[in-house]
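Chemist: Before we start, here is the structure in question, set down as structure tokens.
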Amino acid sequence: MELEKKIIRYVAPAFIFVIVAIFIYNLASHGWIPHPGKSTYQVQCAQCHGDKGEGIRVLIPPLKSSDFAIQNFDSIPCWLRHGISHEIVVNGQSFNQPMYPIKLDDIQVANVINYMNKEFFHSDKEISSAWVRERWKHCEQ
Amino acid sequence: MRFSLFLLLAIIYLTGCNSGGDKLPVLGFKTTEVREVNGQQVIDSVDYTVPGFTFIDQDSNTVNAATLQNKIYVADFFFTSCPSICPKMMKEMLRVSDKYKNDNRIVLLSFSIDPARDTVARLKEYCGKLGIVDSKQWHLLTGNKDSIYSLAKQYLVSAAEDPDAPGGHIHSGNFILIDTQKRIRGYYDGTKEESVTKLMKDMDLLLNEK
């Protein structure tokens with residue numbers, strides 16, 4: 001009898017707590033709580049690069065699995081700040097259409113890069129807004 | 001009594017269905033015209049129509065009234081260095097062009113509002129990037145700047161130079177549907193997938209219209 005009471009008093013709440021925690025974890029990891037970079041991506045990038053990062057033919061390069069972006073990862077904050085206006089090669093295909101500077105603050109850039117990491121670059125890497133500010137100091141122009 | 005009420009309702013319901021829905025409206029303000037019919041003067045209302053033009057496309061072909069004779073066409077305004085909405089508009093227009101690829105009743109027109117920079121060579125290059133191969137159906141057009149701007153006005157959409165805007169120009173992202181009689185039959189948001197899907201439905205309706 002005593003044991004049963006103990007179970008109800010301690011084990012049951014712990015059990016419910018674990019269920020709720022798993023539920024919330026699932027929500028977050030399955031994207032039901034949207035990634036903070038998602039809305040920035042959809043508003044600022046998707047009209048060109050596409051919702052799934054697929055790009056548009058040979059006009060706009062894909063972000064999905066882009067070797068160019070993955071290899072030059074550290075330059076992404078500068079590309080967004082200053083644009084890209086020279087020929088580039090993405091996954092074996094050359095592109096030459098200017099991307100204009102996009103007005104975003106350090107936090108938005110960090111969020112959107114983390115979103116791309118997860119969705120397009122197959123990476124768990126998380127960068128911070130401080131990293132973005134640091135990278136901006138080393139832009140080439 | 002109950003049956004006839006049911007019949008009445010059924011008739012109202014059915015005729016209601018038939019009268020609407022499957023015919024597109026004619027847009028733009030109507031004007032009136034005095035005509036002579038059998039020696040008598042009558043006042044007739046005239047639908048708004050878009051004016052003709054002569055411009056050059058990506059293959060240096062002249063595009064004018066003759067090109068558009070008996071065609072249904074979709075028009076939009078863009079420029080190749082447009083940093084904002086044009087890529088998305090082009091992507092949506094590609095869907096239209098893919099669907100009506102071999103249909104010679106349809107023409108697509110993209111007018112450049114930056115004709116000084118958008119030379120024939122540049123339009124051709126842009127077409128290459130987009131994979132536009134059939135220049136008989138989809139014409140990217142350049143020509144006299146003032147004529148293009150006044151044409152945009154007559155298609156009832158906005159286009160203007162604005163040094164503060166990204167790319168130096170502002171313009172509407174509308175796709176405009178024009179029938180064989182040059183009447184405007186619909187406006188669609190060329191940056192929205194749903195809206196362009198609606199455009200293609202409306203094009204099918206228009207193709208079946210007598």
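Order determines the names: the first chain of the structure tokens is A, the second B, and so forth; residues in each chain are numbered 1 upward, and ligands are numbered 1 upward as they are shown.
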Name all residues at most 12 Å from A:Tyr115 (count only C-alpha atoms; drop same-chain ones fewer than 4 positions away) and give them as JSON, numbers by chain.
Modeler: {"A": [31, 34, 35, 36, 37, 38, 39, 40, 41, 42, 45, 52, 53, 63, 64, 108, 109, 110, 111, 119, 120, 121, 122, 123, 124, 125, 126, 127]}
Chemist: Please produce a file of those selected residues containing N, CA, C and O atoms, as an mmCIF file, in the first residue's frame.
Modeler:
data_model
loop_
_atom_site.group_PDB
_atom_site.id
_atom_site.type_symbol
_atom_site.label_atom_id
_atom_site.label_comp_id
_atom_site.auth_asym_id
_atom_site.auth_seq_id
_atom_site.Cartn_x
_atom_site.Cartn_y
_atom_site.Cartn_z
ATOM 1 N N GLY A 31 10.514 20.438 -36.621
ATOM 2 C CA GLY A 31 10.225 21.686 -37.303
ATOM 3 C C GLY A 31 8.831 22.229 -37.046
ATOM 4 O O GLY A 31 8.366 23.088 -37.770
ATOM 5 N N PRO A 34 8.968 26.652 -35.716
ATOM 6 C CA PRO A 34 9.818 26.999 -36.852
ATOM 7 C C PRO A 34 11.199 27.484 -36.424
ATOM 8 O O PRO A 34 11.351 28.130 -35.389
ATOM 9 N N HIS A 35 12.204 27.146 -37.220
ATOM 10 C CA HIS A 35 13.564 27.610 -36.985
ATOM 11 C C HIS A 35 13.573 29.144 -37.065
ATOM 12 O O HIS A 35 12.920 29.714 -37.927
ATOM 13 N N PRO A 36 14.321 29.825 -36.177
ATOM 14 C CA PRO A 36 14.299 31.294 -36.192
ATOM 15 C C PRO A 36 14.787 31.889 -37.517
ATOM 16 O O PRO A 36 14.448 33.030 -37.843
ATOM 17 N N GLY A 37 15.571 31.141 -38.294
ATOM 18 C CA GLY A 37 16.039 31.675 -39.575
ATOM 19 C C GLY A 37 15.062 31.445 -40.707
ATOM 20 O O GLY A 37 15.229 31.977 -41.799
ATOM 21 N N LYS A 38 14.022 30.654 -40.444
ATOM 22 C CA LYS A 38 13.134 30.253 -41.536
ATOM 23 C C LYS A 38 12.372 31.429 -42.151
ATOM 24 O O LYS A 38 12.297 31.560 -43.361
ATOM 25 N N SER A 39 11.822 32.288 -41.270
ATOM 26 C CA SER A 39 11.020 33.382 -41.820
ATOM 27 C C SER A 39 11.909 34.364 -42.572
ATOM 28 O O SER A 39 11.532 34.849 -43.639
ATOM 29 N N THR A 40 13.114 34.631 -42.048
ATOM 30 C CA THR A 40 14.035 35.512 -42.784
ATOM 31 C C THR A 40 14.350 34.899 -44.145
ATOM 32 O O THR A 40 14.336 35.583 -45.163
ATOM 33 N N TYR A 41 14.626 33.597 -44.155
ATOM 34 C CA TYR A 41 14.927 32.941 -45.426
ATOM 35 C C TYR A 41 13.765 33.101 -46.400
ATOM 36 O O TYR A 41 13.951 33.448 -47.561
ATOM 37 N N GLN A 42 12.547 32.856 -45.896
ATOM 38 C CA GLN A 42 11.406 32.893 -46.811
ATOM 39 C C GLN A 42 11.129 34.285 -47.350
ATOM 40 O O GLN A 42 10.733 34.448 -48.498
ATOM 41 N N CYS A 45 15.155 35.472 -49.161
ATOM 42 C CA CYS A 45 15.964 34.633 -50.056
ATOM 43 C C CYS A 45 15.130 33.744 -50.987
ATOM 44 O O CYS A 45 15.532 33.482 -52.114
ATOM 45 N N LYS A 52 12.952 25.409 -51.334
ATOM 46 C CA LYS A 52 13.770 24.257 -50.992
ATOM 47 C C LYS A 52 15.229 24.456 -51.387
ATOM 48 O O LYS A 52 15.991 23.499 -51.473
ATOM 49 N N GLY A 53 15.601 25.726 -51.679
ATOM 50 C CA GLY A 53 16.988 26.009 -52.029
ATOM 51 C C GLY A 53 17.370 25.467 -53.395
ATOM 52 O O GLY A 53 18.546 25.230 -53.673
ATOM 53 N N LEU A 63 21.082 26.513 -53.360
ATOM 54 C CA LEU A 63 21.763 26.507 -52.068
ATOM 55 C C LEU A 63 21.851 25.083 -51.552
ATOM 56 O O LEU A 63 22.770 24.705 -50.841
ATOM 57 N N LYS A 64 20.868 24.285 -51.931
ATOM 58 C CA LYS A 64 20.816 22.892 -51.506
ATOM 59 C C LYS A 64 22.113 22.189 -51.919
ATOM 60 O O LYS A 64 22.449 22.150 -53.100
ATOM 61 N N GLN A 108 19.997 38.337 -37.692
ATOM 62 C CA GLN A 108 19.260 37.736 -38.814
ATOM 63 C C GLN A 108 20.192 36.906 -39.690
ATOM 64 O O GLN A 108 19.823 35.817 -40.138
ATOM 65 N N VAL A 109 21.409 37.425 -39.934
ATOM 66 C CA VAL A 109 22.367 36.681 -40.765
ATOM 67 C C VAL A 109 22.729 35.360 -40.079
ATOM 68 O O VAL A 109 22.737 34.301 -40.704
ATOM 69 N N ALA A 110 23.000 35.425 -38.751
ATOM 70 C CA ALA A 110 23.347 34.193 -38.021
ATOM 71 C C ALA A 110 22.200 33.188 -38.118
ATOM 72 O O ALA A 110 22.414 32.007 -38.413
ATOM 73 N N ASN A 111 20.974 33.654 -37.907
ATOM 74 C CA ASN A 111 19.825 32.750 -37.980
ATOM 75 C C ASN A 111 19.665 32.125 -39.357
ATOM 76 O O ASN A 111 19.407 30.929 -39.486
ATOM 77 N N GLU A 119 19.135 22.970 -43.239
ATOM 78 C CA GLU A 119 18.258 22.561 -44.340
ATOM 79 C C GLU A 119 19.020 22.189 -45.617
ATOM 80 O O GLU A 119 18.582 21.326 -46.360
ATOM 81 N N PHE A 120 20.131 22.905 -45.883
ATOM 82 C CA PHE A 120 20.753 22.763 -47.194
ATOM 83 C C PHE A 120 22.170 22.199 -47.144
ATOM 84 O O PHE A 120 22.629 21.591 -48.100
ATOM 85 N N PHE A 121 22.893 22.453 -46.053
ATOM 86 C CA PHE A 121 24.305 22.072 -46.048
ATOM 87 C C PHE A 121 24.566 20.783 -45.249
ATOM 88 O O PHE A 121 25.721 20.397 -45.060
ATOM 89 N N HIS A 122 23.494 20.160 -44.760
ATOM 90 C CA HIS A 122 23.613 18.895 -44.035
ATOM 91 C C HIS A 122 24.615 18.994 -42.885
ATOM 92 O O HIS A 122 25.504 18.155 -42.741
ATOM 93 N N SER A 123 24.540 20.053 -42.108
ATOM 94 C CA SER A 123 25.515 20.255 -41.036
ATOM 95 C C SER A 123 24.807 20.696 -39.761
ATOM 96 O O SER A 123 23.773 21.365 -39.823
ATOM 97 N N ASP A 124 25.361 20.296 -38.605
ATOM 98 C CA ASP A 124 24.772 20.698 -37.320
ATOM 99 C C ASP A 124 25.428 21.956 -36.780
ATOM 100 O O ASP A 124 25.112 22.418 -35.694
ATOM 101 N N LYS A 125 26.406 22.464 -37.535
ATOM 102 C CA LYS A 125 27.170 23.621 -37.060
ATOM 103 C C LYS A 125 26.229 24.785 -36.727
ATOM 104 O O LYS A 125 25.313 25.091 -37.480
ATOM 105 N N GLU A 126 26.451 25.416 -35.567
ATOM 106 C CA GLU A 126 25.666 26.590 -35.185
ATOM 107 C C GLU A 126 26.625 27.751 -35.043
ATOM 108 O O GLU A 126 27.591 27.676 -34.298
ATOM 109 N N ILE A 127 26.379 28.841 -35.749
ATOM 110 C CA ILE A 127 27.250 30.008 -35.592
ATOM 111 C C ILE A 127 26.468 31.102 -34.868
ATOM 112 O O ILE A 127 25.252 31.072 -34.792
#
Chemist: With a distance threshold of 9 Å and counting only C-alpha atoms, extract the residues of chain A near chain B and express them as a ChimeraX atom specification.
Modeler: /A:46-50,56-60,95,97-100
Chemist: Any idea what's packed within 12 Å of stretch 38-51 of chain B, counting only C-alpha atoms, ignoring anything in its chain fewer than 4 positions away? Could you give it as a PyMOL selection string?
Modeler: chain B and resi 25-34+64-65+68+73+75+147-148+150-157+176-185
Chemist: Which value, in Å to one decimal, gives the distance between atom CA of A:Asn117 and atom CA of A:Lys103?
Modeler: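 One can read the atom CA of A:Asn117 to atom CA of A:Lys103 distance as 20.3 Å.
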Chemist: List the spatial neighbours of A:Glu134 as a list of chain:residue names - criterion: any atom at most 12 Å away, only C-alpha atoms, same-chain residues fewer than 2 positions off excluded.
Modeler: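 Residues near the query, excluding close chain neighbours: A:Asp74, A:Ser75, A:Pro77, A:Cys78, A:Asp106, A:Ala110, A:Ile127, A:Ser128, A:Ser129, A:Ala130, A:Trp131, A:Val132, A:Trp136, A:Lys137, A:His138, A:Cys139.
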Chemist: Since we have the selection now, will you write its residues out, keeping N, CA and C atoms, as a PDB file, in the first residue's frame?
Modeler:
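Result saved to out-v5.pdb:
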ATOM      1  N   ASP A  74      32.854  30.598 -44.642  1.00  0.00           N
ATOM      2  CA  ASP A  74      33.198  31.804 -43.884  1.00  0.00           C
ATOM      3  C   ASP A  74      32.915  33.103 -44.647  1.00  0.00           C
ATOM      4  N   SER A  75      32.733  33.005 -45.952  1.00  0.00           N
ATOM      5  CA  SER A  75      32.478  34.223 -46.732  1.00  0.00           C
ATOM      6  C   SER A  75      30.998  34.584 -46.796  1.00  0.00           C
ATOM      7  N   PRO A  77      28.675  35.628 -44.725  1.00  0.00           N
ATOM      8  CA  PRO A  77      28.227  36.930 -44.196  1.00  0.00           C
ATOM      9  C   PRO A  77      28.610  38.096 -45.112  1.00  0.00           C
ATOM     10  N   CYS A  78      29.784  38.019 -45.738  1.00  0.00           N
ATOM     11  CA  CYS A  78      30.201  39.098 -46.646  1.00  0.00           C
ATOM     12  C   CYS A  78      29.383  39.098 -47.932  1.00  0.00           C
ATOM     13  N   ASP A 106      23.175  41.411 -37.788  1.00  0.00           N
ATOM     14  CA  ASP A 106      24.021  40.261 -37.456  1.00  0.00           C
ATOM     15  C   ASP A 106      23.207  39.058 -36.971  1.00  0.00           C
ATOM     16  N   ALA A 110      23.000  35.425 -38.751  1.00  0.00           N
ATOM     17  CA  ALA A 110      23.347  34.193 -38.021  1.00  0.00           C
ATOM     18  C   ALA A 110      22.200  33.188 -38.118  1.00  0.00           C
ATOM     19  N   ILE A 127      26.379  28.841 -35.749  1.00  0.00           N
ATOM     20  CA  ILE A 127      27.250  30.008 -35.592  1.00  0.00           C
ATOM     21  C   ILE A 127      26.468  31.102 -34.868  1.00  0.00           C
ATOM     22  N   SER A 128      27.208  32.077 -34.321  1.00  0.00           N
ATOM     23  CA  SER A 128      26.571  33.110 -33.494  1.00  0.00           C
ATOM     24  C   SER A 128      26.625  34.462 -34.205  1.00  0.00           C
ATOM     25  N   SER A 129      25.873  35.422 -33.674  1.00  0.00           N
ATOM     26  CA  SER A 129      25.916  36.763 -34.263  1.00  0.00           C
ATOM     27  C   SER A 129      27.300  37.394 -34.070  1.00  0.00           C
ATOM     28  N   ALA A 130      28.004  36.999 -32.989  1.00  0.00           N
ATOM     29  CA  ALA A 130      29.370  37.520 -32.770  1.00  0.00           C
ATOM     30  C   ALA A 130      30.296  37.044 -33.894  1.00  0.00           C
ATOM     31  N   TRP A 131      30.128  35.792 -34.291  1.00  0.00           N
ATOM     32  CA  TRP A 131      30.916  35.253 -35.412  1.00  0.00           C
ATOM     33  C   TRP A 131      30.641  36.061 -36.685  1.00  0.00           C
ATOM     34  N   VAL A 132      29.355  36.379 -36.916  1.00  0.00           N
ATOM     35  CA  VAL A 132      28.990  37.152 -38.107  1.00  0.00           C
ATOM     36  C   VAL A 132      29.681  38.518 -38.081  1.00  0.00           C
ATOM     37  N   TRP A 136      32.445  39.967 -40.757  1.00  0.00           N
ATOM     38  CA  TRP A 136      32.228  41.229 -41.482  1.00  0.00           C
ATOM     39  C   TRP A 136      33.475  42.108 -41.479  1.00  0.00           C
ATOM     40  N   LYS A 137      34.305  41.963 -40.413  1.00  0.00           N
ATOM     41  CA  LYS A 137      35.534  42.775 -40.347  1.00  0.00           C
ATOM     42  C   LYS A 137      36.526  42.358 -41.424  1.00  0.00           C
ATOM     43  N   HIS A 138      36.357  41.132 -41.955  1.00  0.00           N
ATOM     44  CA  HIS A 138      37.340  40.625 -42.911  1.00  0.00           C
ATOM     45  C   HIS A 138      36.826  40.565 -44.341  1.00  0.00           C
ATOM     46  N   CYS A 139      35.753  41.310 -44.631  1.00  0.00           N
ATOM     47  CA  CYS A 139      35.252  41.303 -46.007  1.00  0.00           C
ATOM     48  C   CYS A 139      36.283  41.948 -46.919  1.00  0.00           C
TER      49      CYS A 139
END
Chemist: So what do you get for atom CA of B:Arg105 versus atom CA of B:Lys71, distance-wise?
Modeler: 5.1 Å
Chemist: Step one, run DSSP on the backbone; step two, keep only residues of chain A assigned to helix (DSSP H, G or I); then write them as a VMD selection string.
Modeler: chain A and resid 2 to 29 38 to 44 46 to 49 67 to 71 73 to 82 106 to 119 129 to 136
Chemist: Which residues, written as a PDB file with N, CA and C atoms, in the first residue's frame, have at least one atom at most 9 Å from B:Ala160, with only C-alpha atoms counted and residues fewer than 5 positions away on the same chain left out?
Modeler:
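Result file is out.pdb:
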ATOM      1  N   ILE B 113      11.814  47.114 -68.708  1.00  0.00           N
ATOM      2  CA  ILE B 113      11.641  48.536 -68.387  1.00  0.00           C
ATOM      3  C   ILE B 113      13.005  49.206 -68.213  1.00  0.00           C
ATOM      4  N   TYR B 149       7.388  52.619 -71.181  1.00  0.00           N
ATOM      5  CA  TYR B 149       6.750  53.151 -69.971  1.00  0.00           C
ATOM      6  C   TYR B 149       5.308  53.552 -70.221  1.00  0.00           C
ATOM      7  N   GLY B 168      17.280  50.343 -59.245  1.00  0.00           N
ATOM      8  CA  GLY B 168      16.982  51.619 -59.886  1.00  0.00           C
ATOM      9  C   GLY B 168      15.604  51.733 -60.537  1.00  0.00           C
ATOM     10  N   HIS B 169      14.792  50.713 -60.400  1.00  0.00           N
ATOM     11  CA  HIS B 169      13.459  50.764 -61.011  1.00  0.00           C
ATOM     12  C   HIS B 169      12.452  50.146 -60.056  1.00  0.00           C
ATOM     13  N   ILE B 170      11.227  50.670 -60.086  1.00  0.00           N
ATOM     14  CA  ILE B 170      10.161  49.964 -59.387  1.00  0.00           C
ATOM     15  C   ILE B 170       9.109  49.560 -60.410  1.00  0.00           C
ATOM     16  N   HIS B 171       8.522  48.446 -60.196  1.00  0.00           N
ATOM     17  CA  HIS B 171       7.486  48.018 -61.137  1.00  0.00           C
ATOM     18  C   HIS B 171       6.602  46.972 -60.492  1.00  0.00           C
TER      19      HIS B 171
END
